[in-house]
Every structure is written in structure tokens, then in C-alpha cells.
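Have a look at coords32.cif; it's mmCIF, C-alpha atoms and all ligand atoms:
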```
data_data
#
loop_
_atom_site.label_atom_id
_atom_site.label_comp_id
_atom_site.auth_asym_id
_atom_site.auth_seq_id
_atom_site.Cartn_x
_atom_site.Cartn_y
_atom_site.Cartn_z
CA MET A 288 30.14 45.02 196.90
CA LYS A 289 27.91 42.70 198.89
CA CYS A 290 25.54 43.29 201.80
CA SER A 291 27.33 42.53 205.09
CA ILE A 292 24.25 40.66 206.30
CA CYS A 293 22.67 38.70 203.43
CA LYS A 294 25.52 38.79 200.85
CA GLU A 295 23.14 40.08 198.16
CA LYS A 296 24.15 43.07 196.05
CA ALA A 297 24.70 46.13 198.27
CA VAL A 298 23.25 49.54 197.42
CA ILE A 299 25.25 51.52 199.97
CA GLU A 300 28.75 51.23 201.35
CA LEU A 301 29.49 52.78 204.74
CA ASN A 302 33.24 53.00 205.06
CA TYR A 303 33.15 54.47 208.54
CA LEU A 304 31.30 51.40 209.80
CA LYS A 305 33.21 49.07 207.45
CA LYS A 306 29.87 47.75 206.23
CA ALA A 307 27.70 47.62 203.13
CA PHE A 308 23.99 46.95 202.90
CA CYS A 309 21.28 45.92 200.49
CA LYS A 310 18.16 48.10 200.46
CA GLU A 311 16.28 46.07 203.03
CA HIS A 312 19.13 45.68 205.48
CA PHE A 313 20.14 49.29 205.12
CA ILE A 314 16.65 50.41 206.19
CA ASP A 315 16.76 47.97 209.13
CA SER A 316 20.24 49.04 210.19
CA PHE A 317 19.44 52.75 209.85
CA GLU A 318 16.31 52.54 211.98
CA GLU A 319 17.96 50.26 214.49
CA ARG A 320 20.89 52.64 214.98
CA VAL A 321 18.66 55.69 215.38
CA LYS A 322 16.46 53.85 217.87
CA LYS A 323 19.50 52.65 219.80
CA HIS A 324 20.89 56.18 219.98
CA VAL A 325 17.55 57.52 221.24
CA GLU A 326 17.30 54.81 223.90
CA LYS A 327 20.94 54.83 224.97
CA ASN A 328 20.86 58.57 225.60
CA LYS A 329 17.33 58.48 227.06
CA LEU A 330 16.20 61.12 224.58
CA VAL A 331 12.52 60.25 224.85
CA ASP A 332 10.55 59.52 227.98
CA LYS A 333 7.08 57.98 227.87
CA ASN A 334 5.59 61.21 229.24
CA ASP A 335 7.43 63.47 226.79
CA LYS A 336 5.60 65.65 224.36
CA ILE A 337 7.98 66.08 221.44
CA VAL A 338 7.88 68.94 219.00
CA VAL A 339 9.92 68.18 215.90
CA GLY A 340 11.47 71.20 214.21
CA VAL A 341 10.75 70.52 210.55
CA SER A 342 12.39 72.39 207.70
CA GLY A 343 11.13 70.17 204.92
CA GLY A 344 14.60 68.75 204.25
CA LYS A 345 15.51 65.07 204.31
CA ASP A 346 16.83 65.03 207.87
CA SER A 347 13.90 66.68 209.59
CA LEU A 348 11.27 64.70 207.67
CA THR A 349 13.06 61.40 208.28
CA MET A 350 13.23 62.20 211.97
CA LEU A 351 9.58 63.23 212.10
CA TYR A 352 8.58 60.02 210.37
CA LEU A 353 10.58 57.80 212.74
CA LEU A 354 9.62 59.52 215.99
CA ASN A 355 5.98 59.48 214.98
CA LYS A 356 6.24 55.78 214.15
CA TRP A 357 7.90 54.89 217.48
CA TYR A 358 6.11 57.33 219.77
CA PRO A 359 2.64 57.82 218.29
CA GLY A 360 0.55 60.43 220.05
CA GLN A 361 3.62 62.13 221.52
CA VAL A 362 4.83 63.92 218.40
CA SER A 363 3.92 67.24 216.73
CA ALA A 364 5.71 69.25 214.05
CA LEU A 365 6.74 72.90 214.05
CA THR A 366 8.09 74.86 211.10
CA VAL A 367 9.75 78.24 211.24
CA ASP A 368 9.25 80.32 208.12
CA GLU A 369 12.25 82.66 207.95
CA GLY A 370 10.89 84.46 204.92
CA ILE A 371 13.46 83.36 202.33
CA LYS A 372 11.99 83.98 198.92
CA ASN A 373 12.10 81.24 196.28
CA TYR A 374 13.00 78.68 198.92
CA ARG A 375 10.88 78.44 202.03
CA GLU A 376 7.51 78.57 200.25
CA HIS A 377 8.44 75.34 198.43
CA THR A 378 9.66 73.46 201.48
CA ILE A 379 6.61 74.49 203.53
CA LYS A 380 4.38 72.87 200.92
CA ILE A 381 6.34 69.64 201.34
CA VAL A 382 5.96 69.76 205.11
CA GLU A 383 2.23 70.47 204.91
CA LYS A 384 1.69 67.54 202.58
CA PHE A 385 3.82 65.24 204.74
CA VAL A 386 2.10 65.99 208.07
CA LYS A 387 -1.30 65.63 206.43
CA GLU A 388 -0.36 62.25 204.99
CA TRP A 389 0.85 60.94 208.37
CA GLY A 390 -1.80 62.70 210.44
CA ILE A 391 0.67 64.71 212.52
CA ASN A 392 -0.33 67.79 214.48
CA TYR A 393 1.41 70.81 212.92
CA LYS A 394 2.14 74.46 213.57
CA LYS A 395 3.97 77.14 211.61
CA LEU A 396 5.64 80.28 212.93
CA SER A 397 7.20 83.05 210.89
CA PHE A 398 10.00 85.55 211.47
CA LYS A 399 7.67 88.23 210.14
CA GLU A 400 4.99 87.62 212.77
CA GLY A 401 7.18 86.36 215.60
CA ILE A 402 10.08 88.81 215.31
CA GLY A 403 8.77 91.64 213.15
CA PHE A 404 10.82 91.17 209.98
CA SER A 405 11.83 88.41 207.58
CA LEU A 406 15.36 87.08 207.07
CA ASP A 407 15.42 88.65 203.60
CA GLU A 408 14.66 92.02 205.22
CA ILE A 409 17.41 91.56 207.83
CA CYS A 410 19.94 90.69 205.13
CA LYS A 411 19.14 93.84 203.18
CA LYS A 412 19.87 95.96 206.26
CA LEU A 413 22.62 94.21 208.20
CA GLU A 414 25.96 93.06 206.81
CA GLY A 415 26.52 89.97 208.96
CA ILE A 416 26.35 86.41 207.66
CA PRO A 417 22.66 85.54 207.03
CA CYS A 418 22.96 82.18 208.77
CA SER A 419 24.08 83.73 212.03
CA TYR A 420 20.91 85.85 212.19
CA CYS A 421 18.81 82.96 210.98
CA GLY A 422 20.19 80.59 213.60
CA VAL A 423 19.51 83.00 216.46
CA PHE A 424 15.89 83.65 215.52
CA ARG A 425 15.13 80.08 214.54
CA ARG A 426 16.27 78.81 217.93
CA TYR A 427 14.36 81.63 219.60
CA LEU A 428 11.09 80.89 217.78
CA LEU A 429 11.44 77.12 217.99
CA ASN A 430 11.82 77.34 221.75
CA LYS A 431 8.94 79.76 222.14
CA GLY A 432 6.68 77.89 219.73
CA ALA A 433 7.42 74.50 221.27
CA ARG A 434 6.74 75.90 224.73
CA GLU A 435 3.38 77.21 223.56
CA MET A 436 2.66 73.74 222.20
CA LYS A 437 3.42 72.40 225.71
CA ALA A 438 6.43 70.45 224.51
CA THR A 439 8.88 68.85 226.91
CA LYS A 440 11.48 68.24 224.16
CA ILE A 441 12.34 69.74 220.79
CA ALA A 442 13.76 67.31 218.24
CA ILE A 443 16.13 68.73 215.66
CA GLY A 444 17.41 66.93 212.58
CA HIS A 445 21.15 67.31 213.12
CA ASN A 446 22.99 64.37 211.61
CA LEU A 447 26.57 63.25 212.24
CA ASP A 448 27.92 65.58 209.56
CA ASP A 449 26.10 68.59 211.06
CA GLU A 450 27.32 67.73 214.52
CA ALA A 451 30.96 67.32 213.45
CA GLN A 452 30.68 70.64 211.59
CA SER A 453 29.21 72.42 214.63
CA ILE A 454 31.98 71.10 216.87
CA MET A 455 34.67 72.33 214.47
CA MET A 456 32.92 75.65 213.87
CA ASN A 457 32.77 76.40 217.56
CA LEU A 458 36.43 75.48 217.94
CA PHE A 459 37.46 77.64 214.99
CA GLN A 460 35.42 80.57 216.27
CA HIS A 461 36.18 80.09 219.96
CA GLY A 462 32.46 79.63 220.59
CA LEU A 463 32.91 77.88 223.90
CA GLN A 464 29.50 78.72 225.34
CA ARG A 465 27.86 77.09 222.36
CA PHE A 466 30.45 74.33 222.36
CA VAL A 467 29.49 73.02 225.78
CA ARG A 468 25.78 73.14 224.98
CA MET A 469 25.94 70.63 222.14
CA GLY A 470 25.40 66.88 222.42
CA PRO A 471 22.53 64.43 221.87
CA LEU A 472 20.48 66.18 224.55
CA SER A 473 21.45 69.82 224.62
CA GLY A 474 20.91 72.40 227.25
CA VAL A 475 22.64 71.75 230.52
CA VAL A 476 19.87 72.62 232.93
CA ASP A 477 16.19 71.86 233.07
CA ASN A 478 14.05 74.96 233.06
CA GLU A 479 10.38 75.35 232.21
CA LYS A 480 11.12 78.23 229.81
CA PHE A 481 13.91 76.46 228.04
CA ILE A 482 12.86 73.32 226.19
CA ARG A 483 15.71 70.84 225.89
CA ARG A 484 16.72 69.68 222.44
CA ILE A 485 17.24 66.15 221.27
CA LYS A 486 19.12 65.01 218.17
CA PRO A 487 17.91 61.53 217.20
CA LEU A 488 19.96 61.43 213.96
CA ARG A 489 23.22 62.44 215.57
CA GLU A 490 25.01 59.15 214.83
CA ILE A 491 23.83 58.87 211.24
CA THR A 492 25.73 60.41 208.32
CA GLU A 493 24.21 62.75 205.78
CA LYS A 494 24.84 60.20 203.05
CA GLU A 495 22.68 57.73 204.97
CA THR A 496 19.72 60.05 205.56
CA ARG A 497 19.83 60.91 201.87
CA ALA A 498 19.75 57.21 200.97
CA TYR A 499 17.00 56.43 203.50
CA PHE A 500 14.90 59.30 202.22
CA PHE A 501 15.34 58.13 198.64
CA ILE A 502 14.59 54.46 199.32
CA LYS A 503 11.51 55.41 201.34
CA LYS A 504 10.37 57.55 198.39
CA PHE A 505 9.73 60.55 200.61
CA PRO A 506 9.04 63.83 198.77
CA HIS A 507 12.03 65.33 196.99
CA ASP A 508 14.00 68.02 198.73
CA ILE A 509 15.70 69.69 195.83
CA TRP A 510 15.68 73.20 197.21
CA GLU A 511 18.78 74.64 198.74
CA CYS A 512 18.81 77.72 200.89
CA PRO A 513 20.03 80.62 198.71
CA TYR A 514 22.10 81.94 201.63
CA MET A 515 24.05 78.70 201.98
CA GLN A 516 27.05 79.98 200.05
CA PHE A 517 27.58 82.67 202.71
CA ALA A 518 27.67 80.21 205.55
CA PHE A 519 30.84 79.49 207.42
CA ARG A 520 29.34 76.02 207.86
CA HIS A 521 29.54 75.57 204.10
CA ASN A 522 33.35 75.87 204.18
CA ILE A 523 33.73 73.58 207.17
CA ARG A 524 31.45 71.06 205.50
CA LYS A 525 33.61 71.06 202.39
CA MET A 526 36.77 70.71 204.44
CA LEU A 527 35.43 67.78 206.47
CA ASN A 528 34.03 66.04 203.38
CA ASP A 529 37.40 66.33 201.64
CA TYR A 530 39.17 64.97 204.66
CA GLU A 531 36.70 62.14 205.19
CA LYS A 532 37.29 60.92 201.62
CA ASP A 533 40.82 59.83 202.47
CA ASN A 534 40.29 59.18 206.16
CA SER A 535 36.94 57.52 206.68
CA GLY A 536 35.65 57.83 210.20
CA THR A 537 36.98 61.37 210.76
CA LYS A 538 33.56 62.91 211.34
CA ALA A 539 32.47 60.11 213.64
CA ASN A 540 35.73 60.47 215.57
CA ILE A 541 35.26 64.23 216.02
CA VAL A 542 31.84 63.59 217.55
CA LYS A 543 33.17 60.75 219.70
CA SER A 544 36.03 62.88 221.01
CA TYR A 545 33.61 65.67 221.80
CA ASP A 546 31.34 63.30 223.72
CA SER A 547 34.15 61.92 225.86
CA PHE A 548 35.34 65.40 226.69
CA ILE A 549 31.91 66.80 227.47
CA LYS A 550 30.90 63.91 229.71
CA LYS A 551 33.37 65.16 232.28
CA PHE A 552 32.56 68.81 231.74
CA LYS A 553 28.81 68.45 232.15
CA LYS A 554 29.14 67.40 235.74
CA THR A 555 29.86 71.07 236.42
CA LYS A 556 26.83 73.23 237.20
CA TYR A 557 25.84 75.67 234.49
CA ASN A 558 23.30 78.40 234.98
CA ILE A 559 20.67 79.82 232.73
CA VAL A 560 19.57 83.45 232.88
CA PHE A 561 16.76 85.39 231.27
CA CYS A 562 16.97 88.23 228.79
CA GLU A 563 16.26 91.57 230.43
CA LYS A 564 14.24 92.65 227.42
CA CYS A 565 12.18 89.72 226.21
CA LYS A 566 12.47 87.38 229.25
CA GLU A 567 13.43 84.41 227.06
CA PRO A 568 16.17 82.06 228.31
CA THR A 569 19.67 83.06 227.27
CA SER A 570 23.26 82.92 228.48
CA SER A 571 23.85 86.68 228.81
CA ASN A 572 21.91 89.72 230.14
CA ILE A 573 20.38 90.54 226.80
CA CYS A 574 19.79 87.76 224.29
CA ARG A 575 21.26 87.67 220.79
CA ALA A 576 17.78 87.94 219.26
CA CYS A 577 17.15 91.25 221.06
CA ILE A 578 20.61 92.59 220.14
CA ILE A 579 20.08 91.89 216.43
CA LYS A 580 16.53 93.29 216.57
CA GLU A 581 17.89 96.50 218.09
CA GLU A 582 20.54 96.72 215.35
CA PHE A 583 17.89 96.18 212.71
CA TYR A 584 15.61 98.93 214.02
CA GLU A 585 18.55 101.26 214.57
CA ARG A 586 19.45 100.76 210.92
CA THR A 587 15.83 101.37 209.88
CA ARG A 588 15.85 104.67 211.77
CA ASN A 589 19.17 105.74 210.22
CA LYS A 590 18.37 104.86 206.65
CA GLY A 591 21.21 105.62 204.28
CA LYS A 592 23.96 105.64 206.87
CA THR A 593 26.41 102.80 206.39
CA LYS A 594 28.08 100.84 209.09
CA ASN A 595 31.83 100.51 209.04
ZN ZN P 601 21.10 42.40 202.85
ZN ZN P 602 15.73 89.01 224.40
#
```

As C-alpha cells, what does this structure read like?
Amino acid sequence: MKCSICKEKAVIELNYLKKAFCKEHFIDSFEERVKKHVEKNKLVDKNDKIVVGVSGGKDSLTMLYLLNKWYPGQVSALTVDEGIKNYREHTIKIVEKFVKEWGINYKKLSFKEGIGFSLDEICKKLEGIPCSYCGVFRRYLLNKGAREMKATKIAIGHNLDDEAQSIMMNLFQHGLQRFVRMGPLSGVVDNEKFIRRIKPLREITEKETRAYFFIKKFPHDIWECPYMQFAFRHNIRKMLNDYEKDNSGTKANIVKSYDSFIKKFKKTKYNIVFCEKCKEPTSSNICRACIIKEEFYERTRNKGKTKN
């Protein structure tokens, strides 16, 4: 296997692009494609203040590194500590070391302080899938935290695999409201309370961010969320990976199909409303975060009673 550019020995083969690269040309191609995606979709404006949601994993750190390199002075990092024992404390250390090394402004928010309870506590009381609670509160706190940091955009580390998974998940679960909100720049309307999200890594596969991270010798991310096995995403991920093996380009095609479809749809006006309880932006009268909170406290009041 030879590099498609210099014909030296390749270290990575990208079937979906029908290309292979040596170390040096892989790094060049990776950065070039991310930059192109950011520019093509106008994800960053020169006046933007970008808050990068950083989990400590390879995707978010890679994205933080690149945005900070290309848009110095415009980038800060924000971490949400869900309170997942034996996991989050390790990844937070990685983030803290990373932002210090690159001199990036950093803030941390926790479920415990921002919501009132940790994810571990929620999972002991409520029977739903941990990731569904986690997702709701993470989005909630990221938006609130970024707004407090005066951000105009939130960058999240979704790669091509994540995006293809999200598209399929929303189809499988008939999550149409969420379905139409995805894309490289999500959120359909501009609103000062709702910070729009950008996904700079959306056209890059997970395999590539892993390789980039490794070649760049960024700190190891060996920790996996202990709740991952419960995630519906986990099953979809497995399914898509299996399928991609024999049909390279499947994930990229899912995302491409989505984009063509949504281009037409987004011309339609879409309104944002505010939660009657907490006043945060949402798509219904009362936001998901407030509904889960209420369930949690209800359960705390009725200790011992089980839900059927
Ligand atoms: Zn090469
Ligand atoms: Zn609310």
C-alpha cells in the first residue's frame, strides 16, 4: 500500500476516499479537509467567539487543537462533568493538562452544581437509558455555559461516524424534531439564548481522528464511558461498522443523503420557544431537562415505590 501522493509506504488506507497516505500526507490531508469543511459551510466567522465542548476524547481534543491553531484568540474550552465515577475524573485531568499546554481559556461545569444531581445519581433513580439523560443535560449545560462565556458558536466533536449514527438513530426512533436540527451548523434559527453548534469534524471518519491523534502524540484517551453498553448508539455503531466493512462509503453516503434532503427542508421557517420553567430554549412548552428533573425529584420524594 503506497501513499497516493508521494508513493512512499502508506500508514493509513481510506477506502471511502479510495486513497492511502503516508504519515506526513495524512496529516496534511486531514487538516486540509477539516479546514475546507469549516470554510465551505461558513462555520467560523472572524467575529465569532467559539466555545469548544471538550470531553477529553480524541475528537474533541483534535478539534480544540485545530480551531485554536486556525483561529487563535477566538477559542475557549468548556467541559461538562456529568459525575460518572471512574471515568470523568480521568478525562478531566487530560483536558486540564491539554488546555494548559496550549494556553487555552477553560471552564468546567458539573451536573451536580448546574442541575442538582450527578448522572450516577440519576441512573440509580430512573430506569431510562443513561445516555438519553446525559445527552439532555449536557446540551443544556453546554448551551448555558457557552452563553455565559459570551460564545457565538459551540463546537462539538462529532465525526462522520457519529453523524451517520445520529441520522440513523433518529430515523429508527422517529425523532424527526432532532432529525431536522442536525447538520454541520445546527439549530435552524438564530437566537441570543440558543448558541448555534458547529461540527468541524463532520466529514472525517473516526478511524482518521484516531490516527491523527496517535500520530500527533496527543494524550491517550483509553477511558470509555461505563454507560456506553446501554446506549442505543452503541448498537447502531456496530451495525454501521459491520456494513461499512463490505460496503465502504456507506457512512459518508448516509450523511450526504441527509444533507441533500435537509437543504430543501431548511428553507422552511422553524420556531424556537422557551421552557416555561427554566426559560432555556427548547422545542416544546417544558424542556426535556425540566421533565427529567421533575421525575428525579418525584422519585426522591417517593422513595421505595417502583415505576412500572
Ligand atoms: Zn506521502
Ligand atoms: Zn426547562

Kindly extract all protein, DNA and RNA residues lying within 9 Å of the coordinates (18.4, 63.2, 203.5) given in the file, considering all atoms listed in the file, and supply them as a ChimeraX atom specification. /A:344-349,493-501,508

Contact residues around Ile391 of chain A with all atoms listed in the file at 9 Å, ignoring same-chain residues under 2 positions, as a list in words: Asn355, Gly360, Val362, Ser363, Ala364, Phe385, Val386, Lys387, Glu388, Trp389 and Tyr393 of chain A

Please, which residues have at least one atom within 7 Å of an atom of ligand ZN 601 (chain P), using all atoms listed in the file, listed as a list in words? Cys290, Ser291, Ile292, Cys293, Lys294, Glu295, Ala297, Phe308, Cys309, Lys310, Glu311 and His312 of chain A

Kindly export the residues of the current selection with C-alpha atoms, as an mmCIF file, keeping the file's coordinate frame.
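Full text of part.cif as output:
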```
data_model
loop_
_atom_site.group_PDB
_atom_site.id
_atom_site.type_symbol
_atom_site.label_atom_id
_atom_site.label_comp_id
_atom_site.auth_asym_id
_atom_site.auth_seq_id
_atom_site.Cartn_x
_atom_site.Cartn_y
_atom_site.Cartn_z
ATOM 1 C CA CYS A 290 25.540 43.290 201.800
ATOM 2 C CA SER A 291 27.330 42.530 205.090
ATOM 3 C CA ILE A 292 24.250 40.660 206.300
ATOM 4 C CA CYS A 293 22.670 38.700 203.430
ATOM 5 C CA LYS A 294 25.520 38.790 200.850
ATOM 6 C CA GLU A 295 23.140 40.080 198.160
ATOM 7 C CA ALA A 297 24.700 46.130 198.270
ATOM 8 C CA PHE A 308 23.990 46.950 202.900
ATOM 9 C CA CYS A 309 21.280 45.920 200.490
ATOM 10 C CA LYS A 310 18.160 48.100 200.460
ATOM 11 C CA GLU A 311 16.280 46.070 203.030
ATOM 12 C CA HIS A 312 19.130 45.680 205.480
#
```

Residues at most 10 Å from ligand ZN 602 (chain P), using only C-alpha atoms and all ligand atoms? Could they come as a list in words?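 Listing the residues within 10 Å of ligand ZN 602 (chain P) gives Tyr427, Phe561, Cys562, Glu563, Lys564, Cys565, Lys566, Glu567, Pro568, Thr569, Ser571, Asn572, Ile573, Cys574, Arg575, Ala576, Cys577, Ile578, Ile579 and Lys580 of chain A.
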
One decimal, Å: what's the distance from atom CA of His324 of chain A over to atom CA of Leu488 of chain A, could you say?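 Computed distance, atom CA of His324 of chain A to atom CA of Leu488 of chain A, equals 8.0 Å.
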